[in-house]
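*Asks:* I am sharing final28.cif, which consists of mmCIF, C-alpha atoms, pLDDT in the B column; chains and numbers go by the auth columns:
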data_input
#
loop_
_atom_site.group_PDB
_atom_site.id
_atom_site.type_symbol
_atom_site.label_atom_id
_atom_site.label_comp_id
_atom_site.label_asym_id
_atom_site.label_seq_id
_atom_site.Cartn_x
_atom_site.Cartn_y
_atom_site.Cartn_z
_atom_site.B_iso_or_equiv
_atom_site.auth_seq_id
_atom_site.auth_asym_id
ATOM 1 C CA MET A 1 0.000 0.000 0.000 38.00 1 A
ATOM 2 C CA THR A 2 1.288 3.480 -0.897 42.00 2 A
ATOM 3 C CA PHE A 3 0.799 6.309 1.564 45.00 3 A
ATOM 4 C CA PRO A 4 0.979 10.028 0.711 51.00 4 A
ATOM 5 C CA ALA A 5 4.178 11.826 1.623 64.00 5 A
ATOM 6 C CA ALA A 6 4.097 13.611 4.954 79.00 6 A
ATOM 7 C CA LYS A 7 4.034 17.387 4.867 89.00 7 A
ATOM 8 C CA PRO A 8 7.314 18.839 6.184 92.00 8 A
ATOM 9 C CA ALA A 9 7.310 20.302 9.687 92.00 9 A
ATOM 10 C CA PHE A 10 7.704 24.066 10.015 95.00 10 A
ATOM 11 C CA PRO A 11 11.016 24.819 11.762 94.00 11 A
ATOM 12 C CA THR A 12 11.738 27.225 14.593 94.00 12 A
ATOM 13 C CA GLY A 13 14.643 29.657 14.569 95.00 13 A
ATOM 14 C CA VAL A 14 15.814 31.809 11.658 97.00 14 A
ATOM 15 C CA TYR A 15 13.870 31.841 8.373 98.00 15 A
ATOM 16 C CA GLY A 16 16.109 32.940 5.485 98.00 16 A
ATOM 17 C CA ILE A 17 15.009 34.810 2.366 98.00 17 A
ATOM 18 C CA THR A 18 17.091 35.600 -0.704 98.00 18 A
ATOM 19 C CA ALA A 19 17.303 39.254 -1.764 96.00 19 A
ATOM 20 C CA GLU A 20 19.961 39.691 -4.404 95.00 20 A
ATOM 21 C CA LYS A 21 19.458 43.475 -4.510 93.00 21 A
ATOM 22 C CA PHE A 22 20.807 43.691 -0.946 95.00 22 A
ATOM 23 C CA SER A 23 23.418 40.908 -1.164 97.00 23 A
ATOM 24 C CA ALA A 24 26.539 43.044 -1.737 96.00 24 A
ATOM 25 C CA GLY A 25 27.141 41.674 -5.216 97.00 25 A
ATOM 26 C CA ARG A 26 26.660 38.016 -4.318 98.00 26 A
ATOM 27 C CA THR A 27 24.260 35.783 -6.199 97.00 27 A
ATOM 28 C CA ASN A 28 21.227 34.111 -4.647 98.00 28 A
ATOM 29 C CA ILE A 29 23.045 30.799 -5.010 98.00 29 A
ATOM 30 C CA GLU A 30 26.111 32.077 -3.149 98.00 30 A
ATOM 31 C CA VAL A 31 23.913 33.493 -0.388 98.00 31 A
ATOM 32 C CA ALA A 32 21.927 30.266 -0.092 98.00 32 A
ATOM 33 C CA ARG A 33 25.131 28.241 0.161 98.00 33 A
ATOM 34 C CA GLU A 34 26.390 30.480 2.978 98.00 34 A
ATOM 35 C CA MET A 35 23.051 30.362 4.800 98.00 35 A
ATOM 36 C CA ILE A 36 23.205 26.579 4.723 98.00 36 A
ATOM 37 C CA ALA A 37 26.795 26.637 5.999 98.00 37 A
ATOM 38 C CA GLY A 38 25.528 28.717 8.935 98.00 38 A
ATOM 39 C CA GLY A 39 22.961 26.074 9.864 97.00 39 A
ATOM 40 C CA ILE A 40 19.764 27.669 8.600 97.00 40 A
ATOM 41 C CA ARG A 41 16.820 25.256 8.339 97.00 41 A
ATOM 42 C CA LEU A 42 14.570 27.050 5.843 98.00 42 A
ATOM 43 C CA ILE A 43 15.280 29.230 2.809 98.00 43 A
ATOM 44 C CA GLN A 44 12.707 31.120 0.786 98.00 44 A
ATOM 45 C CA TYR A 45 13.590 32.138 -2.757 98.00 45 A
ATOM 46 C CA ARG A 46 12.191 35.619 -3.377 97.00 46 A
ATOM 47 C CA GLU A 47 12.865 37.267 -6.704 92.00 47 A
ATOM 48 C CA LYS A 48 10.560 39.791 -8.323 82.00 48 A
ATOM 49 C CA ARG A 49 10.107 40.165 -12.054 78.00 49 A
ATOM 50 C CA PRO A 50 11.157 41.814 -14.312 82.00 50 A
ATOM 51 C CA ALA A 51 14.568 41.762 -12.614 84.00 51 A
ATOM 52 C CA LYS A 52 15.071 38.215 -13.912 92.00 52 A
ATOM 53 C CA SER A 53 13.444 36.037 -16.529 93.00 53 A
ATOM 54 C CA PHE A 54 11.594 32.884 -15.548 94.00 54 A
ATOM 55 C CA ALA A 55 14.369 30.885 -17.214 95.00 55 A
ATOM 56 C CA GLU A 56 16.959 32.546 -14.971 96.00 56 A
ATOM 57 C CA MET A 57 14.860 31.982 -11.867 97.00 57 A
ATOM 58 C CA LEU A 58 14.281 28.342 -12.796 97.00 58 A
ATOM 59 C CA ALA A 59 18.012 27.728 -13.195 98.00 59 A
ATOM 60 C CA GLU A 60 18.734 29.381 -9.821 98.00 60 A
ATOM 61 C CA CYS A 61 15.998 27.474 -8.048 98.00 61 A
ATOM 62 C CA ARG A 62 17.153 24.140 -9.429 98.00 62 A
ATOM 63 C CA THR A 63 20.607 24.766 -8.019 98.00 63 A
ATOM 64 C CA ILE A 64 19.292 25.956 -4.655 98.00 64 A
ATOM 65 C CA ARG A 65 16.897 23.022 -4.511 98.00 65 A
ATOM 66 C CA ALA A 66 19.842 20.651 -4.948 98.00 66 A
ATOM 67 C CA LEU A 67 21.798 22.440 -2.220 98.00 67 A
ATOM 68 C CA THR A 68 18.906 22.475 0.234 98.00 68 A
ATOM 69 C CA ARG A 69 17.937 18.868 -0.417 98.00 69 A
ATOM 70 C CA GLU A 70 21.474 17.675 0.210 98.00 70 A
ATOM 71 C CA ALA A 71 21.597 19.660 3.477 98.00 71 A
ATOM 72 C CA GLY A 72 18.102 18.725 4.671 97.00 72 A
ATOM 73 C CA VAL A 73 16.956 22.356 4.505 98.00 73 A
ATOM 74 C CA LEU A 74 13.386 23.296 3.578 98.00 74 A
ATOM 75 C CA PHE A 75 13.038 25.262 0.340 98.00 75 A
ATOM 76 C CA ILE A 76 10.082 27.620 -0.155 98.00 76 A
ATOM 77 C CA ILE A 77 9.421 29.701 -3.274 98.00 77 A
ATOM 78 C CA ASN A 78 7.751 33.078 -3.060 97.00 78 A
ATOM 79 C CA ASP A 79 4.839 33.874 -5.392 95.00 79 A
ATOM 80 C CA TYR A 80 5.319 31.213 -8.090 96.00 80 A
ATOM 81 C CA PRO A 81 3.605 27.843 -7.500 97.00 81 A
ATOM 82 C CA ASP A 82 4.524 26.759 -11.035 96.00 82 A
ATOM 83 C CA LEU A 83 8.211 27.333 -10.292 97.00 83 A
ATOM 84 C CA ALA A 84 7.851 25.435 -7.026 98.00 84 A
ATOM 85 C CA LEU A 85 6.386 22.465 -8.903 97.00 85 A
ATOM 86 C CA LEU A 86 9.122 22.473 -11.519 98.00 86 A
ATOM 87 C CA VAL A 87 11.895 22.206 -8.927 98.00 87 A
ATOM 88 C CA ASP A 88 9.959 20.119 -6.382 97.00 88 A
ATOM 89 C CA ALA A 89 10.262 22.786 -3.680 98.00 89 A
ATOM 90 C CA ASP A 90 8.838 22.080 -0.230 98.00 90 A
ATOM 91 C CA GLY A 91 6.243 24.812 -0.521 98.00 91 A
ATOM 92 C CA VAL A 92 5.066 28.211 -1.682 98.00 92 A
ATOM 93 C CA HIS A 93 4.666 31.533 0.108 98.00 93 A
ATOM 94 C CA VAL A 94 2.159 34.076 -1.193 98.00 94 A
ATOM 95 C CA GLY A 95 0.755 37.471 -0.308 97.00 95 A
ATOM 96 C CA GLN A 96 -2.760 38.753 0.117 97.00 96 A
ATOM 97 C CA ASP A 97 -3.060 39.759 -3.549 96.00 97 A
ATOM 98 C CA ASP A 98 -1.708 36.508 -5.009 95.00 98 A
ATOM 99 C CA PHE A 99 -3.597 33.333 -5.932 95.00 99 A
ATOM 100 C CA PRO A 100 -5.906 32.158 -3.105 97.00 100 A
ATOM 101 C CA VAL A 101 -4.595 29.395 -0.858 98.00 101 A
ATOM 102 C CA PRO A 102 -7.242 26.804 -1.947 98.00 102 A
ATOM 103 C CA GLU A 103 -6.309 27.310 -5.611 97.00 103 A
ATOM 104 C CA ILE A 104 -2.600 26.951 -4.847 97.00 104 A
ATOM 105 C CA ARG A 105 -3.388 23.754 -2.922 97.00 105 A
ATOM 106 C CA ARG A 106 -5.100 22.370 -6.032 97.00 106 A
ATOM 107 C CA LEU A 107 -1.929 23.063 -7.999 96.00 107 A
ATOM 108 C CA ILE A 108 0.779 21.851 -5.636 96.00 108 A
ATOM 109 C CA GLY A 109 -1.023 19.036 -3.827 95.00 109 A
ATOM 110 C CA PRO A 110 -1.486 18.073 -0.168 95.00 110 A
ATOM 111 C CA ASP A 111 2.145 17.389 0.788 95.00 111 A
ATOM 112 C CA LYS A 112 3.582 20.888 0.244 97.00 112 A
ATOM 113 C CA LEU A 113 3.607 23.838 2.641 98.00 113 A
ATOM 114 C CA ILE A 114 1.648 26.992 1.855 98.00 114 A
ATOM 115 C CA GLY A 115 2.527 30.177 3.695 98.00 115 A
ATOM 116 C CA LEU A 116 0.436 33.349 3.552 98.00 116 A
ATOM 117 C CA SER A 117 1.526 36.847 4.549 98.00 117 A
ATOM 118 C CA THR A 118 -0.889 38.556 6.945 98.00 118 A
ATOM 119 C CA HIS A 119 -1.055 42.049 8.397 97.00 119 A
ATOM 120 C CA GLU A 120 -4.127 42.050 10.650 97.00 120 A
ATOM 121 C CA PRO A 121 -6.271 39.685 12.766 98.00 121 A
ATOM 122 C CA ALA A 122 -8.944 39.201 10.096 98.00 122 A
ATOM 123 C CA GLN A 123 -6.332 38.020 7.601 98.00 123 A
ATOM 124 C CA ALA A 124 -4.881 35.568 10.108 98.00 124 A
ATOM 125 C CA ALA A 125 -8.323 34.071 10.736 98.00 125 A
ATOM 126 C CA ALA A 126 -8.973 33.873 6.981 98.00 126 A
ATOM 127 C CA ALA A 127 -5.643 32.094 6.466 98.00 127 A
ATOM 128 C CA VAL A 128 -6.641 29.404 8.960 98.00 128 A
ATOM 129 C CA ALA A 129 -10.011 28.950 7.260 98.00 129 A
ATOM 130 C CA ALA A 130 -8.390 28.784 3.807 98.00 130 A
ATOM 131 C CA GLY A 131 -6.041 25.971 4.799 98.00 131 A
ATOM 132 C CA ALA A 132 -2.675 27.752 5.003 98.00 132 A
ATOM 133 C CA ASP A 133 0.063 25.771 6.765 98.00 133 A
ATOM 134 C CA TYR A 134 1.729 28.824 8.292 98.00 134 A
ATOM 135 C CA ILE A 135 1.434 32.594 8.162 98.00 135 A
ATOM 136 C CA GLY A 136 3.805 35.511 7.897 98.00 136 A
ATOM 137 C CA VAL A 137 3.234 38.214 10.516 98.00 137 A
ATOM 138 C CA GLY A 138 4.448 41.670 9.645 97.00 138 A
ATOM 139 C CA PRO A 139 6.044 43.909 8.874 97.00 139 A
ATOM 140 C CA ILE A 140 6.770 44.143 12.590 97.00 140 A
ATOM 141 C CA PHE A 141 8.967 47.206 12.148 96.00 141 A
ATOM 142 C CA SER A 142 9.597 49.578 9.252 90.00 142 A
ATOM 143 C CA THR A 143 11.404 47.883 6.363 83.00 143 A
ATOM 144 C CA GLN A 144 12.865 48.933 3.015 73.00 144 A
ATOM 145 C CA THR A 145 13.288 45.420 1.648 73.00 145 A
ATOM 146 C CA LYS A 146 9.936 45.381 -0.160 66.00 146 A
ATOM 147 C CA GLU A 147 8.676 48.322 -2.202 64.00 147 A
ATOM 148 C CA ASP A 148 4.963 47.510 -1.873 66.00 148 A
ATOM 149 C CA VAL A 149 4.965 46.854 1.864 70.00 149 A
ATOM 150 C CA CYS A 150 2.209 48.070 4.166 82.00 150 A
ATOM 151 C CA ALA A 151 2.745 50.131 7.322 89.00 151 A
ATOM 152 C CA PRO A 152 4.369 48.332 10.275 93.00 152 A
ATOM 153 C CA VAL A 153 1.908 46.228 12.266 94.00 153 A
ATOM 154 C CA GLY A 154 3.981 46.405 15.445 92.00 154 A
ATOM 155 C CA LEU A 155 4.214 43.980 18.328 96.00 155 A
ATOM 156 C CA GLU A 156 0.502 44.208 19.117 95.00 156 A
ATOM 157 C CA TYR A 157 -0.512 42.128 16.085 97.00 157 A
ATOM 158 C CA LEU A 158 2.320 39.693 16.765 97.00 158 A
ATOM 159 C CA ASP A 159 1.031 39.255 20.319 97.00 159 A
ATOM 160 C CA HIS A 160 -2.496 38.638 18.981 97.00 160 A
ATOM 161 C CA VAL A 161 -1.261 35.909 16.624 98.00 161 A
ATOM 162 C CA ALA A 162 0.864 34.267 19.323 97.00 162 A
ATOM 163 C CA ARG A 163 -2.147 34.082 21.642 97.00 163 A
ATOM 164 C CA THR A 164 -4.893 33.100 19.201 98.00 164 A
ATOM 165 C CA CYS A 165 -3.602 31.578 15.956 98.00 165 A
ATOM 166 C CA PRO A 166 -3.345 27.767 15.792 98.00 166 A
ATOM 167 C CA LEU A 167 -0.902 27.889 12.875 98.00 167 A
ATOM 168 C CA PRO A 168 2.885 28.217 13.005 97.00 168 A
ATOM 169 C CA PHE A 169 3.990 31.710 12.055 98.00 169 A
ATOM 170 C CA VAL A 170 7.069 33.671 11.099 98.00 170 A
ATOM 171 C CA ALA A 171 7.637 37.258 12.248 98.00 171 A
ATOM 172 C CA ILE A 172 9.119 39.444 9.507 97.00 172 A
ATOM 173 C CA GLY A 173 9.919 43.038 8.697 96.00 173 A
ATOM 174 C CA GLY A 174 12.625 45.292 10.071 96.00 174 A
ATOM 175 C CA ILE A 175 13.928 42.630 12.452 96.00 175 A
ATOM 176 C CA LYS A 176 17.615 43.005 13.307 95.00 176 A
ATOM 177 C CA GLU A 177 20.062 41.439 15.714 94.00 177 A
ATOM 178 C CA HIS A 178 19.393 44.159 18.291 94.00 178 A
ATOM 179 C CA ASN A 179 15.622 43.530 18.416 95.00 179 A
ATOM 180 C CA ILE A 180 15.333 39.805 17.677 95.00 180 A
ATOM 181 C CA GLY A 181 15.072 39.000 21.387 93.00 181 A
ATOM 182 C CA GLN A 182 12.160 41.414 21.750 94.00 182 A
ATOM 183 C CA VAL A 183 10.320 39.764 18.866 96.00 183 A
ATOM 184 C CA VAL A 184 10.898 36.233 20.188 96.00 184 A
ATOM 185 C CA ALA A 185 9.828 37.313 23.673 94.00 185 A
ATOM 186 C CA GLN A 186 6.525 38.396 22.129 95.00 186 A
ATOM 187 C CA GLY A 187 5.859 34.809 21.069 95.00 187 A
ATOM 188 C CA ALA A 188 7.607 34.322 17.718 96.00 188 A
ATOM 189 C CA ALA A 189 9.430 30.991 17.524 95.00 189 A
ATOM 190 C CA THR A 190 10.422 31.590 13.883 97.00 190 A
ATOM 191 C CA VAL A 191 11.904 34.918 12.808 97.00 191 A
ATOM 192 C CA CYS A 192 12.874 36.224 9.393 97.00 192 A
ATOM 193 C CA LEU A 193 15.742 38.660 8.906 96.00 193 A
ATOM 194 C CA VAL A 194 16.530 39.617 5.316 96.00 194 A
ATOM 195 C CA THR A 195 19.116 42.379 4.911 96.00 195 A
ATOM 196 C CA GLU A 196 20.714 41.528 8.250 96.00 196 A
ATOM 197 C CA ILE A 197 21.694 38.184 6.728 98.00 197 A
ATOM 198 C CA VAL A 198 22.124 38.685 2.972 98.00 198 A
ATOM 199 C CA GLY A 199 24.042 41.933 3.441 97.00 199 A
ATOM 200 C CA ALA A 200 26.386 40.581 6.110 98.00 200 A
ATOM 201 C CA ALA A 201 30.106 40.370 5.396 98.00 201 A
ATOM 202 C CA ASP A 202 30.118 36.803 6.777 98.00 202 A
ATOM 203 C CA ILE A 203 26.682 35.306 6.149 98.00 203 A
ATOM 204 C CA ALA A 204 27.360 31.917 7.741 98.00 204 A
ATOM 205 C CA ALA A 205 28.683 33.459 10.961 98.00 205 A
ATOM 206 C CA THR A 206 25.775 35.888 11.080 98.00 206 A
ATOM 207 C CA VAL A 207 23.253 33.070 10.693 98.00 207 A
ATOM 208 C CA ARG A 208 24.913 31.118 13.501 97.00 208 A
ATOM 209 C CA ARG A 209 24.851 34.154 15.775 97.00 209 A
ATOM 210 C CA LEU A 210 21.225 35.012 14.999 96.00 210 A
ATOM 211 C CA GLN A 211 20.128 31.398 15.347 94.00 211 A
ATOM 212 C CA ALA A 212 21.773 31.205 18.760 94.00 212 A
ATOM 213 C CA ALA A 213 20.137 34.488 19.853 92.00 213 A
ATOM 214 C CA CYS A 214 16.736 33.342 18.635 90.00 214 A
ATOM 215 C CA LEU A 215 16.888 29.926 20.292 84.00 215 A
ATOM 216 C CA ALA A 216 18.273 31.402 23.515 86.00 216 A
ATOM 217 C CA SER A 217 15.289 33.782 23.694 84.00 217 A
ATOM 218 C CA ILE A 218 12.865 30.940 22.945 81.00 218 A
ATOM 219 C CA ASN A 219 14.322 28.879 25.800 82.00 219 A
ATOM 220 C CA ALA A 220 14.643 31.775 28.243 73.00 220 A
#
Taking this structure as input, can you express it in the form of structure tokens?
*Replies:*
Amino acid sequence: MTFPAAKPAFPTGVYGITAEKFSAGRTNIEVAREMIAGGIRLIQYREKRPAKSFAEMLAECRTIRALTREAGVLFIINDYPDLALLVDADGVHVGQDDFPVPEIRRLIGPDKLIGLSTHEPAQAAAAVAAGADYIGVGPIFSTQTKEDVCAPVGLEYLDHVARTCPLPFVAIGGIKEHNIGQVVAQGAATVCLVTEIVGAADIAATVRRLQAACLASINA
């Protein structure tokens, strides 16, 4: 008898996202390799068109998929469920204006993770009802990483999600080494830092330091 593959578990600690624009001249592949060397457990590939063609993104994702699979690291693709299917990624992350979660589930099947960005309590509740596997909570603080980002939601929304949402969640937006402990203390077991990692002179060492700070705050 054949059983369906189990859906991967959502990890705690640091959630990495590629951002070549902020990577000090390094490619997404180089950054992903360094993140893995630092012990990261999840990498999201985020690349907005028209900066790169789909062919370029596909080639990058195939390489990163091979790297993450060999290291046992989860690989999530932002926005493009078709790209995720082509490289057999572990899941897809989408925003409020992207394809609805039920439609993405029809495309990628039951054994892949679907993450949904949320910015307010009503969106968190809707994500649960729609069948998301985890949600993004943010931006917690002001951020320049995304051009179309909404105003910061602050720690109040993060506290609401930590107290009421049954799904795993990742806090994101303006999080740095100096405030990661504050975010974790508010209930976030998974935290995303973008420029703090991809722009670091030593990415692997930075990931190790941030991971240790995050886990220390979780266990405090």
*Asks:* Find the residues with any atom within 6 Å of (6.3, 42.5, 18.7); use only C-alpha atoms and the coordinates as given in the file, and write the answer as number ranges by chain.
*Replies:* A: 154-155, 158, 183, 186
*Asks:* Just to be explicit: take each residue in the selection above, keep C-alpha atoms, and write the result as an mmCIF file, in the frame of the given file.
*Replies:*
data_model
loop_
_atom_site.group_PDB
_atom_site.id
_atom_site.type_symbol
_atom_site.label_atom_id
_atom_site.label_comp_id
_atom_site.auth_asym_id
_atom_site.auth_seq_id
_atom_site.Cartn_x
_atom_site.Cartn_y
_atom_site.Cartn_z
ATOM 1 C CA GLY A 154 3.981 46.405 15.445
ATOM 2 C CA LEU A 155 4.214 43.980 18.328
ATOM 3 C CA LEU A 158 2.320 39.693 16.765
ATOM 4 C CA VAL A 183 10.320 39.764 18.866
ATOM 5 C CA GLN A 186 6.525 38.396 22.129
#
*Asks:* Evaluate the PyMOL selection byres ((chain A and resi 192-197) around 9) against this structure - the residues, as a ChimeraX atom specification, please.
*Replies:* /A:13-19,22-23,31,35,145,170-177,180,190-191,198-204,206-207,210
*Asks:* Would you save the residues from that selection as a compact mmCIF listing (two decimals), in the frame of the given file, using C-alpha atoms?
*Replies:*
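Result written to out-v8.txt:
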# COMPACT_ATOMS: atom_id res chain seq x y z
CA GLY A 13 14.64 29.66 14.57
CA VAL A 14 15.81 31.81 11.66
CA TYR A 15 13.87 31.84 8.37
CA GLY A 16 16.11 32.94 5.48
CA ILE A 17 15.01 34.81 2.37
CA THR A 18 17.09 35.60 -0.70
CA ALA A 19 17.30 39.25 -1.76
CA PHE A 22 20.81 43.69 -0.95
CA SER A 23 23.42 40.91 -1.16
CA VAL A 31 23.91 33.49 -0.39
CA MET A 35 23.05 30.36 4.80
CA THR A 145 13.29 45.42 1.65
CA VAL A 170 7.07 33.67 11.10
CA ALA A 171 7.64 37.26 12.25
CA ILE A 172 9.12 39.44 9.51
CA GLY A 173 9.92 43.04 8.70
CA GLY A 174 12.62 45.29 10.07
CA ILE A 175 13.93 42.63 12.45
CA LYS A 176 17.61 43.00 13.31
CA GLU A 177 20.06 41.44 15.71
CA ILE A 180 15.33 39.80 17.68
CA THR A 190 10.42 31.59 13.88
CA VAL A 191 11.90 34.92 12.81
CA VAL A 198 22.12 38.68 2.97
CA GLY A 199 24.04 41.93 3.44
CA ALA A 200 26.39 40.58 6.11
CA ALA A 201 30.11 40.37 5.40
CA ASP A 202 30.12 36.80 6.78
CA ILE A 203 26.68 35.31 6.15
CA ALA A 204 27.36 31.92 7.74
CA THR A 206 25.78 35.89 11.08
CA VAL A 207 23.25 33.07 10.69
CA LEU A 210 21.22 35.01 15.00
*Asks:* Taking (-2.1, 45.9, 2.1) as a centre in this file's frame and 9 Å as the limit, can you find every polymer residue with an atom that close, using only C-alpha atoms, and give them as a ChimeraX atom specification?
*Replies:* /A:96-97,118-119,148-151
*Asks:* Could you check which of A:Phe54, A:Tyr157, A:Phe75, A:Tyr80 is closest to Ala122 of chain A, using all atoms listed in the file?
*Replies:* A:Tyr157
*Asks:* Measure the distance from atom CA of Leu42 of chain A to atom CA of Gln123 of chain A in Å and round it to one decimal.
*Replies:*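 Atom CA of Gln123 of chain A lies 23.7 Å from atom CA of Leu42 of chain A.
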